>>> print(open('model_6.txt').read())   # compact mmCIF, C-alpha atoms
# COMPACT_ATOMS: atom_id res chain seq x y z
CA MET A 1 22.81 -8.11 12.13
CA ILE A 2 20.05 -5.55 12.70
CA ASP A 3 17.44 -7.91 11.23
CA LEU A 4 18.50 -10.54 13.78
CA LEU A 5 18.26 -8.09 16.66
CA GLN A 6 14.85 -6.94 15.48
CA LEU A 7 13.66 -10.57 15.55
CA LEU A 8 14.77 -10.92 19.16
CA TYR A 9 12.27 -8.24 20.14
CA LYS A 10 9.55 -9.35 17.74
CA LYS A 11 6.44 -10.96 19.16
CA ASN A 12 5.79 -14.50 17.90
CA ALA A 13 9.13 -14.82 16.09
CA SER A 14 9.51 -18.33 14.63
CA LYS A 15 12.16 -20.76 13.44
CA GLU A 16 11.33 -19.79 9.86
CA ASP A 17 12.21 -16.18 10.66
CA PHE A 18 15.66 -17.17 11.92
CA ASP A 19 16.25 -19.49 8.96
CA LYS A 20 16.19 -16.43 6.72
CA ILE A 21 19.31 -15.03 8.43
CA PRO A 22 22.47 -16.69 7.05
CA ASN A 23 24.73 -18.11 9.78
CA MET A 24 23.01 -15.93 12.40
CA ASN A 25 25.70 -13.27 11.79
CA LEU A 26 27.97 -15.23 14.13
CA SER A 27 31.13 -13.34 13.19
CA ASP A 28 29.47 -10.00 13.88
CA ILE A 29 28.06 -11.26 17.17
CA GLU A 30 31.60 -11.98 18.25
CA LEU A 31 32.94 -8.74 16.78
CA PHE A 32 30.55 -6.66 18.90
CA SER A 33 30.69 -8.99 21.96
CA ILE A 34 26.92 -9.33 22.20
CA ALA A 35 26.59 -13.12 22.48
CA PRO A 36 25.37 -12.90 26.12
CA GLN A 37 22.50 -10.56 25.21
CA ILE A 38 21.47 -12.74 22.27
CA TYR A 39 21.79 -15.94 24.30
CA PHE A 40 19.54 -14.66 27.09
CA LEU A 41 17.02 -13.06 24.73
CA LEU A 42 16.70 -16.33 22.81
CA LYS A 43 16.28 -18.22 26.08
CA LYS A 44 13.80 -15.70 27.44
CA ASN A 45 11.60 -16.00 24.36
CA ASN A 46 11.97 -19.81 24.10
CA LEU A 47 13.71 -19.45 20.76
CA PHE A 48 17.13 -20.94 21.50
CA ASN A 49 16.14 -24.38 20.20
CA ASP A 50 14.76 -22.85 17.01
CA ILE A 51 18.16 -21.77 15.69
CA SER A 52 20.65 -24.03 13.92
CA LEU A 53 22.97 -26.35 15.82
CA GLN A 54 26.00 -24.39 14.58
CA SER A 55 24.52 -21.13 15.82
CA LYS A 56 23.62 -22.59 19.22
CA LYS A 57 27.12 -23.97 19.68
CA SER A 58 28.88 -20.75 18.68
CA ILE A 59 26.65 -18.43 20.74
CA LYS A 60 26.89 -20.66 23.80
CA GLU A 61 30.70 -20.87 23.55
CA GLN A 62 30.99 -17.11 23.19
CA TYR A 63 28.67 -16.64 26.16
CA LYS A 64 30.69 -19.04 28.36
CA ARG A 65 33.92 -17.17 27.62
CA ARG A 66 32.30 -13.92 28.74
CA PHE A 67 30.60 -15.51 31.75
CA PHE A 68 33.83 -15.93 33.73
CA GLN A 69 34.92 -12.39 32.92
CA ASN A 70 31.62 -11.08 34.26
CA LEU A 71 31.87 -13.30 37.31
CA VAL A 72 35.23 -11.76 38.24
CA VAL A 73 33.84 -8.24 37.71
CA LYS A 74 30.80 -9.05 39.86
CA GLN A 75 32.95 -10.40 42.70
CA GLU A 76 35.21 -7.34 42.63
CA THR A 77 32.22 -5.03 42.42
CA ASP A 78 30.66 -6.67 45.47
CA LYS A 79 33.92 -6.22 47.40
CA ALA A 80 34.11 -2.54 46.50
CA LEU A 81 30.47 -1.89 47.39
CA SER A 82 30.89 -3.68 50.73
CA ALA A 83 33.87 -1.45 51.49
CA PHE A 84 31.84 1.69 50.77
CA GLU A 85 29.05 0.39 52.99
CA GLU A 86 31.49 -0.37 55.81
CA TYR A 87 33.01 3.12 55.61
CA LYS A 88 29.56 4.73 55.28
CA LEU A 89 30.34 6.41 51.97
CA LYS A 90 27.47 6.80 49.53
CA VAL A 91 28.07 5.17 46.15
CA ILE A 92 26.06 4.28 43.05
CA PRO A 93 27.25 1.49 40.72
CA LEU A 94 26.94 2.44 37.05
CA LYS A 95 26.32 -0.07 34.25
CA GLY A 96 28.25 -3.25 35.00
CA THR A 97 26.94 -6.55 36.28
CA LEU A 98 24.23 -4.92 38.39
CA PHE A 99 22.77 -3.25 35.29
CA ALA A 100 22.90 -6.58 33.44
CA GLU A 101 21.21 -8.40 36.32
CA THR A 102 18.49 -5.77 36.77
CA TYR A 103 17.59 -5.10 33.15
CA PHE A 104 18.73 -8.20 31.24
CA GLY A 105 17.94 -10.79 33.90
CA HIS A 106 21.39 -12.08 34.88
CA PHE A 107 24.77 -10.62 35.83
CA SER A 108 26.34 -12.36 32.82
CA ALA A 109 23.70 -11.29 30.29
CA ARG A 110 25.75 -8.32 29.09
CA VAL A 111 29.52 -8.17 28.68
CA THR A 112 31.25 -6.10 31.36
CA SER A 113 34.98 -5.51 31.55
CA ASP A 114 35.40 -2.96 34.35
CA ILE A 115 33.75 -1.33 37.36
CA ASP A 116 32.16 2.12 37.30
CA LEU A 117 31.16 3.81 40.55
CA LEU A 118 29.55 7.20 41.10
CA VAL A 119 30.38 9.05 44.31
CA HIS A 120 29.22 12.41 45.51
CA PRO A 121 31.58 15.24 44.47
CA ASN A 122 32.09 16.12 48.15
CA ASP A 123 33.30 12.57 48.86
CA ILE A 124 35.72 12.11 45.99
CA GLU A 125 38.88 12.38 48.10
CA LYS A 126 37.57 9.94 50.72
CA ALA A 127 36.50 7.58 47.95
CA LYS A 128 39.96 7.72 46.34
CA GLU A 129 41.56 6.82 49.67
CA LEU A 130 39.16 3.92 50.11
CA ILE A 131 39.73 2.56 46.61
CA ILE A 132 43.48 2.64 47.13
CA LYS A 133 43.05 0.97 50.52
CA ILE A 134 41.28 -2.04 48.98
CA GLY A 135 44.07 -2.66 46.50
CA TYR A 136 43.66 -0.32 43.54
CA VAL A 137 46.30 2.05 42.22
CA PRO A 138 45.68 5.23 40.16
CA ASN A 139 45.96 4.49 36.47
CA GLU A 140 45.41 7.82 34.73
CA ILE A 141 43.81 11.17 35.40
CA GLU A 142 42.21 12.96 32.47
CA THR A 143 41.90 16.72 32.64
CA ASP A 144 38.45 18.22 32.11
CA HIS A 145 36.99 14.77 32.67
CA PHE A 146 34.52 13.44 35.19
CA HIS A 147 36.19 10.32 36.53
CA ILE A 148 39.49 8.92 37.76
CA CYS A 149 40.82 5.56 36.58
CA PHE A 150 42.27 2.88 38.84
CA LYS A 151 43.48 -0.65 38.28
CA LYS A 152 44.00 -3.68 40.48
CA LYS A 153 46.22 -6.69 39.87
CA LEU A 154 44.31 -9.92 40.39
CA THR A 155 46.86 -12.39 39.04
CA ASP A 156 50.15 -12.14 37.15
CA SER A 157 48.22 -11.82 33.91
CA MET A 158 44.89 -10.33 35.02
CA PHE A 159 44.01 -6.76 35.96
CA ILE A 160 40.68 -5.12 36.58
CA SER A 161 39.91 -1.46 36.01
CA LEU A 162 37.74 0.76 38.17
CA GLU A 163 36.51 4.23 37.30
CA LEU A 164 35.50 6.56 40.08
CA HIS A 165 32.97 9.09 38.76
CA TRP A 166 31.69 12.28 40.30
CA ASN A 167 29.55 13.21 37.26
CA LEU A 168 28.02 11.49 34.24
CA MET A 169 29.34 13.66 31.41
CA ARG A 170 32.16 16.11 30.82
CA GLU A 171 31.46 19.16 32.93
CA ASN A 172 32.81 21.59 30.34
CA THR A 173 30.26 20.49 27.70
CA SER A 174 27.17 19.85 29.84
CA ASP A 175 25.44 21.27 32.93
CA ILE A 176 24.17 18.09 34.54
CA ASN A 177 22.52 18.56 37.91
CA ILE A 178 24.01 15.50 39.60
CA GLU A 179 22.12 16.28 42.81
CA ALA A 180 18.86 15.30 41.09
CA PHE A 181 20.25 11.80 40.48
CA TRP A 182 21.31 11.45 44.10
CA PHE A 183 17.98 12.76 45.38
CA ASN A 184 16.02 10.12 43.47
CA ALA A 185 18.43 7.23 44.06
CA ILE A 186 17.19 4.39 46.29
CA PRO A 187 19.20 2.04 48.55
CA LEU A 188 20.24 -1.25 46.99
CA GLU A 189 18.77 -4.26 48.76
CA ASN A 190 20.66 -5.13 51.98
CA TYR A 191 22.59 -1.85 51.82
CA GLN A 192 22.18 1.59 53.33
CA PHE A 193 24.91 3.61 51.62
CA VAL A 194 25.01 1.74 48.31
CA LYS A 195 22.28 3.18 46.10
CA VAL A 196 20.91 2.70 42.59
CA PHE A 197 19.38 5.08 40.09
CA SER A 198 15.65 5.11 39.49
CA ILE A 199 14.57 3.42 36.25
CA GLN A 200 14.05 6.87 34.72
CA HIS A 201 17.54 8.04 35.61
CA THR A 202 19.10 4.72 34.62
CA PHE A 203 17.58 5.10 31.17
CA TYR A 204 18.73 8.71 30.94
CA PHE A 205 22.27 7.74 31.89
CA ILE A 206 22.33 4.79 29.47
CA CYS A 207 21.27 7.08 26.61
CA LEU A 208 23.94 9.66 27.49
CA HIS A 209 26.56 6.93 27.82
CA GLY A 210 25.73 5.62 24.37
CA ALA A 211 25.80 9.12 22.89
CA ARG A 212 29.16 9.81 24.54
CA HIS A 213 30.51 6.76 22.72
CA ARG A 214 28.78 7.91 19.50
CA MET A 215 26.50 4.83 19.44
CA GLN A 216 29.32 3.03 17.65
CA GLU A 217 28.78 -0.34 19.31
CA VAL A 218 25.67 -2.47 19.00
CA LYS A 219 25.53 -2.96 22.77
CA TYR A 220 24.58 0.71 23.23
CA LEU A 221 21.55 0.19 21.01
CA LEU A 222 20.61 -3.00 22.86
CA ASP A 223 20.83 -1.28 26.25
CA ILE A 224 18.27 1.31 25.17
CA VAL A 225 16.04 -1.15 23.31
CA GLN A 226 15.99 -3.56 26.23
CA MET A 227 14.89 -0.88 28.68
CA LEU A 228 12.21 0.47 26.34
CA PHE A 229 10.72 -2.93 25.55
CA TYR A 230 10.66 -4.22 29.12
CA PHE A 231 10.61 -1.08 31.29
CA GLY A 232 9.10 1.51 28.97
CA ASN A 233 6.06 2.05 31.19
CA TYR A 234 8.36 3.44 33.89
CA ILE A 235 10.01 5.96 31.57
CA ASP A 236 8.43 9.40 31.19
CA TYR A 237 9.66 11.14 28.02
CA THR A 238 8.15 14.49 28.99
CA GLU A 239 10.11 14.61 32.25
CA LEU A 240 13.17 13.10 30.58
CA PHE A 241 13.37 15.77 27.88
CA LYS A 242 12.68 18.48 30.43
CA GLN A 243 15.59 17.36 32.58
CA ALA A 244 17.89 16.93 29.58
CA LYS A 245 17.08 20.45 28.44
CA GLN A 246 18.04 21.80 31.87
CA ASP A 247 21.21 19.68 31.85
CA ARG A 248 22.16 20.89 28.35
CA THR A 249 22.22 17.28 27.10
CA LEU A 250 19.00 17.24 25.07
CA LYS A 251 20.64 16.94 21.64
CA LYS A 252 22.72 13.97 22.79
CA LEU A 253 19.67 12.28 24.28
CA ILE A 254 17.55 12.85 21.17
CA MET A 255 20.32 11.52 18.94
CA ALA A 256 20.76 8.31 20.95
CA LEU A 257 17.02 7.65 20.90
CA SER A 258 16.73 8.54 17.22
CA VAL A 259 19.41 6.07 16.18
CA VAL A 260 17.70 3.30 18.14
CA TYR A 261 14.18 4.05 16.87
CA ARG A 262 15.34 4.05 13.26
CA GLN A 263 16.86 0.58 13.70
CA PHE A 264 13.96 -0.80 15.76
CA PRO A 265 10.77 0.66 14.23
CA ASP A 266 8.52 -1.50 16.46
CA LEU A 267 9.38 0.97 19.21
CA TYR A 268 7.16 3.62 17.59
CA THR A 269 4.06 1.67 18.62
CA ILE A 270 5.39 0.97 22.12
CA LYS A 271 6.53 4.48 22.95
CA PRO A 272 5.92 7.18 20.32
CA PHE A 273 8.88 9.37 19.42
CA HIS A 274 9.97 11.58 16.51
CA PRO A 275 13.60 10.91 15.53
CA ASN A 276 15.84 13.70 14.32
CA VAL A 277 17.18 13.87 10.77
CA LEU A 278 20.84 13.71 11.83
CA SER A 279 20.40 10.15 13.08
CA MET A 280 20.13 8.97 9.46
CA ILE A 281 23.92 9.21 9.38
CA TRP A 282 24.13 6.05 11.52
CA SER A 283 24.91 2.99 9.40
CA TYR A 284 25.51 -0.55 10.63
CA LYS A 285 27.82 -1.18 7.68
CA GLU A 286 29.97 1.79 8.69
CA MET A 287 29.89 0.88 12.40
CA ARG A 288 31.18 -2.54 11.46
CA LYS A 289 34.06 -0.99 9.53
CA ILE A 290 34.96 1.11 12.55
CA ALA A 291 34.79 -1.96 14.80
CA ILE A 292 37.34 -3.80 12.68
CA GLY A 293 39.70 -0.81 12.76
CA ASP A 294 38.83 1.30 9.72
CA ILE A 295 38.81 4.62 11.55
CA HIS A 296 40.37 6.86 8.89
CA SER A 297 37.48 6.96 6.44
CA VAL A 298 35.81 10.22 5.45
CA TYR A 299 32.57 8.86 6.89
CA ASN A 300 34.12 8.29 10.30
CA HIS A 301 35.51 11.82 10.47
CA ILE A 302 32.14 13.30 9.54
CA TYR A 303 30.37 11.01 11.98
CA GLU A 304 32.76 11.93 14.77
CA PHE A 305 32.26 15.64 14.05
CA VAL A 306 28.47 15.25 14.25
CA PHE A 307 28.63 13.58 17.65
CA LYS A 308 31.46 15.55 19.19
CA VAL A 309 30.59 19.04 18.00
CA THR A 310 27.05 19.45 16.69
CA LEU A 311 25.34 17.51 19.50
CA ASN A 312 25.97 20.22 22.06
CA ASP A 313 23.09 22.30 23.36
CA THR A 314 24.92 25.62 23.62
CA TRP A 315 27.31 27.50 21.36
CA ASN A 316 29.82 27.68 24.17
CA HIS A 317 29.82 23.89 24.51
CA ARG A 318 30.15 23.52 20.72
CA VAL A 319 33.14 25.83 20.65
CA ILE A 320 34.82 23.90 23.48
CA SER A 321 34.16 20.59 21.68
CA LEU A 322 35.48 22.05 18.44
CA LYS A 323 38.64 23.14 20.21
CA GLU A 324 39.13 19.72 21.80
CA TRP A 325 38.62 18.03 18.44
CA PHE A 326 41.04 20.20 16.43
CA PHE A 327 43.44 21.35 19.16
CA PRO A 328 43.43 18.76 21.98
CA GLU A 329 46.68 20.14 23.34
CA LEU A 330 45.25 23.65 23.82
CA LYS A 331 44.20 23.93 27.48
CA ASP A 332 42.79 27.45 27.72
CA ASN A 333 39.16 27.07 26.67
CA SER A 334 38.28 30.68 27.47
CA LEU A 335 41.03 32.07 25.24
CA PHE A 336 40.06 29.80 22.36
CA SER A 337 36.36 30.65 22.77
CA LYS A 338 37.10 34.39 22.65
CA TYR A 339 39.14 33.90 19.48
CA ILE A 340 36.39 31.87 17.76
CA PHE A 341 33.71 34.39 18.73
CA TYR A 342 35.94 37.17 17.43
CA LEU A 343 36.23 35.41 14.04
CA VAL A 344 32.47 34.77 13.90
CA ARG A 345 31.64 38.40 14.74
CA ARG A 346 34.10 39.65 12.13
CA ARG A 347 32.58 37.40 9.46
CA ILE A 348 29.05 38.54 10.37
CA ASN A 349 30.10 42.19 10.22
CA THR A 350 31.65 41.58 6.78
CA PHE A 351 28.42 40.11 5.43
CA ARG A 352 26.41 42.92 6.96
CA LYS A 353 28.56 45.53 5.22
CA LEU A 354 28.34 43.71 1.87
CA PHE A 355 24.57 43.39 2.17
CA SER A 356 24.28 47.04 3.14
CA ARG A 357 26.23 48.17 0.09
CA LYS A 358 24.16 46.05 -2.31
CA THR A 359 20.79 47.13 -0.93
CA GLY A 360 21.71 50.65 0.02
CA ASN A 361 20.17 50.07 3.45
CA ASN A 362 21.64 50.63 6.83
CA ILE A 363 21.40 47.61 9.06
>>> encode(input="model_6.txt", output="structure tokens")
Amino acid sequence: MIDLLQLLYKKNASKEDFDKIPNMNLSDIELFSIAPQIYFLLKKNNLFNDISLQSKKSIKEQYKRRFFQNLVVKQETDKALSAFEEYKLKVIPLKGTLFAETYFGHFSARVTSDIDLLVHPNDIEKAKELIIKIGYVPNEIETDHFHICFKKKLTDSMFISLELHWNLMRENTSDINIEAFWFNAIPLENYQFVKVFSIQHTFYFICLHGARHRMQEVKYLLDIVQMLFYFGNYIDYTELFKQAKQDRTLKKLIMALSVVYRQFPDLYTIKPFHPNVLSMIWSYKEMRKIAIGDIHSVYNHIYEFVFKVTLNDTWNHRVISLKEWFFPELKDNSLFSKYIFYLVRRRINTFRKLFSRKTGNNI
């Protein structure tokens, strides 16, 4: 699969290049729901007619099935945004059909299944009332999270989900300055209160979103690759890393970028970057196993630990993540943190005493 995706971003790719890939990895394309991206990339680069008839038929059929899903999401997104505009509530759509249209060229060029909206923390209650007013009902509320889930019944057999965000990451394991995103947001065309992130902040968010989902799906890699290949000149790594360091999200950002660069080495010449060593743990073979439901392997547990615990910028955030991983039912983070620090200090003191006895030195 990765060799196919690399070809889609390769200059002067030819029919002979695609002939070397058996069956165009059609089953994996469907498994990861990336037919729309591949379809539009092939079209964009005038390569669609260079692939086999079987591949063209399969990719086009998969794309058509996803097209109508995206169309429904786009229509419902437009309704929600119009409601926010009417009630003069500031809102920023995240990902979704607008992201696909802006960065992939068409609202159906990337599979979207729900609606994600960012509202200012001061407006969350007003936004909840508005969402309920236009037909949504609360679905679930997750503690220590950064969004509220809603759903809306469209037909007897069709529902659409909407997530109302007030931040971009969990607030107990990051220190994101959300005001910086709002300050740099610009009004969407024909709107005053509906805004969009700058390219820089869109890229930052997309990287964090992929890291939050442990880069387990190919679409997270494609989101980052697409922006780097076609919008890389608008992305400033120096400023990006500076902001991530302040937000305590630098390790997550570096990991997301590292995974992508290792799979798409042509990026090194487009936008230089030094990947971290930890990213070598990412394996397409293992991601595929996870995608088909093999989530109990030793690899998956190690991989999950790396992303959930080690990719935190502070010890406090690591301890909280460790608690949530091992003891999800334990609510008191402060009590757990004190206990962990107590154990760590006791172990350090033990080693200090042992070292002191062996060397005869006082430490």
>>> closest_residue(input="model_6.txt", among="A:Asn233, A:Thr102, A:Gln246, A:Thr97", to="Asp313 (chain A)", atoms="only C-alpha atoms")
A:Gln246
>>> closest_residue(input="model_6.txt", among="A:Val218, A:Leu118, A:Val91, A:Ile132", to="Phe205 (chain A)", atoms="all atoms listed in the file")
A:Leu118
>>> atom_distance(input="model_6.txt", atom1="CA of Phe326 (chain A)", atom2="CA of Lys252 (chain A)")
20.4 Å
>>> closest_residue(input="model_6.txt", among="A:Asp294, A:Asp247, A:Asp28, A:Asp78", to="Glu171 (chain A)", atoms="all atoms listed in the file")
A:Asp247
>>> closest_residue(input="model_6.txt", among="A:Cys207, A:Met287, A:Ile199, A:Val137", to="Asp223 (chain A)", atoms="all atoms listed in the file")
A:Cys207
>>> decode(input="model_6.txt", residues="region 214-301 of chain A", atoms="C-alpha atoms", output="tab-separated table (two decimals), in the first residue's frame")
chain	number	residue	atom	x	y	z
A	214	ARG	CA	-1.93	7.04	17.13
A	215	MET	CA	-1.51	7.39	13.33
A	216	GLN	CA	-3.26	4.03	13.04
A	217	GLU	CA	-5.18	4.83	9.87
A	218	VAL	CA	-3.64	5.63	6.51
A	219	LYS	CA	-5.86	8.69	6.11
A	220	TYR	CA	-3.94	10.46	8.90
A	221	LEU	CA	-0.72	10.04	6.94
A	222	LEU	CA	-2.38	11.24	3.74
A	223	ASP	CA	-3.75	14.36	5.45
A	224	ILE	CA	-0.25	15.41	6.47
A	225	VAL	CA	1.41	14.39	3.20
A	226	GLN	CA	-1.19	16.23	1.14
A	227	MET	CA	-0.68	19.47	3.03
A	228	LEU	CA	3.11	19.23	2.88
A	229	PHE	CA	3.24	18.49	-0.84
A	230	TYR	CA	0.75	21.15	-1.91
A	231	PHE	CA	0.84	23.74	0.89
A	232	GLY	CA	4.29	23.24	2.39
A	233	ASN	CA	5.44	26.75	1.48
A	234	TYR	CA	2.83	28.15	3.87
A	235	ILE	CA	3.98	26.03	6.81
A	236	ASP	CA	6.73	27.37	9.06
A	237	TYR	CA	8.33	24.57	11.09
A	238	THR	CA	10.24	26.96	13.34
A	239	GLU	CA	7.04	28.69	14.47
A	240	LEU	CA	5.17	25.39	14.56
A	241	PHE	CA	7.63	23.72	16.93
A	242	LYS	CA	7.79	26.85	19.05
A	243	GLN	CA	4.03	26.87	19.50
A	244	ALA	CA	3.89	23.12	20.15
A	245	LYS	CA	6.55	23.46	22.83
A	246	GLN	CA	4.47	26.14	24.56
A	247	ASP	CA	1.34	23.99	24.20
A	248	ARG	CA	3.12	20.93	25.62
A	249	THR	CA	2.32	18.96	22.45
A	250	LEU	CA	5.76	18.91	20.82
A	251	LYS	CA	6.39	15.17	21.25
A	252	LYS	CA	3.04	14.34	19.65
A	253	LEU	CA	3.70	16.69	16.75
A	254	ILE	CA	7.21	15.33	16.17
A	255	MET	CA	5.94	11.76	16.26
A	256	ALA	CA	3.19	12.40	13.70
A	257	LEU	CA	5.63	14.09	11.34
A	258	SER	CA	8.28	11.42	11.88
A	259	VAL	CA	5.93	8.58	10.96
A	260	VAL	CA	4.93	10.38	7.76
A	261	TYR	CA	8.48	11.30	6.71
A	262	ARG	CA	9.68	7.73	7.16
A	263	GLN	CA	6.93	6.47	4.85
A	264	PHE	CA	7.29	9.30	2.31
A	265	PRO	CA	11.04	10.01	2.03
A	266	ASP	CA	10.53	12.45	-0.87
A	267	LEU	CA	9.36	14.90	1.78
A	268	TYR	CA	12.95	15.34	3.01
A	269	THR	CA	13.80	17.28	-0.15
A	270	ILE	CA	10.59	19.32	-0.04
A	271	LYS	CA	10.73	20.30	3.62
A	272	PRO	CA	13.75	19.11	5.62
A	273	PHE	CA	13.02	17.41	8.94
A	274	HIS	CA	14.78	15.01	11.32
A	275	PRO	CA	12.44	12.19	12.43
A	276	ASN	CA	12.65	10.75	15.91
A	277	VAL	CA	13.75	7.19	16.61
A	278	LEU	CA	10.46	6.17	18.24
A	279	SER	CA	8.62	6.54	14.93
A	280	MET	CA	10.38	3.40	13.67
A	281	ILE	CA	7.79	1.47	15.68
A	282	TRP	CA	5.15	2.35	13.06
A	283	SER	CA	4.54	-0.56	10.68
A	284	TYR	CA	1.98	-0.73	7.89
A	285	LYS	CA	1.72	-4.49	8.36
A	286	GLU	CA	0.82	-4.01	12.02
A	287	MET	CA	-1.58	-1.13	11.28
A	288	ARG	CA	-3.38	-3.41	8.86
A	289	LYS	CA	-3.73	-6.08	11.54
A	290	ILE	CA	-5.23	-3.51	13.90
A	291	ALA	CA	-7.62	-2.33	11.18
A	292	ILE	CA	-9.01	-5.84	10.72
A	293	GLY	CA	-9.54	-6.22	14.47
A	294	ASP	CA	-6.34	-7.76	15.82
A	295	ILE	CA	-6.00	-5.42	18.79
A	296	HIS	CA	-4.71	-7.84	21.43
A	297	SER	CA	-1.21	-8.38	20.07
A	298	VAL	CA	1.87	-7.55	22.11
A	299	TYR	CA	2.84	-5.05	19.42
A	300	ASN	CA	-0.44	-3.16	19.75
A	301	HIS	CA	-0.09	-2.85	23.52
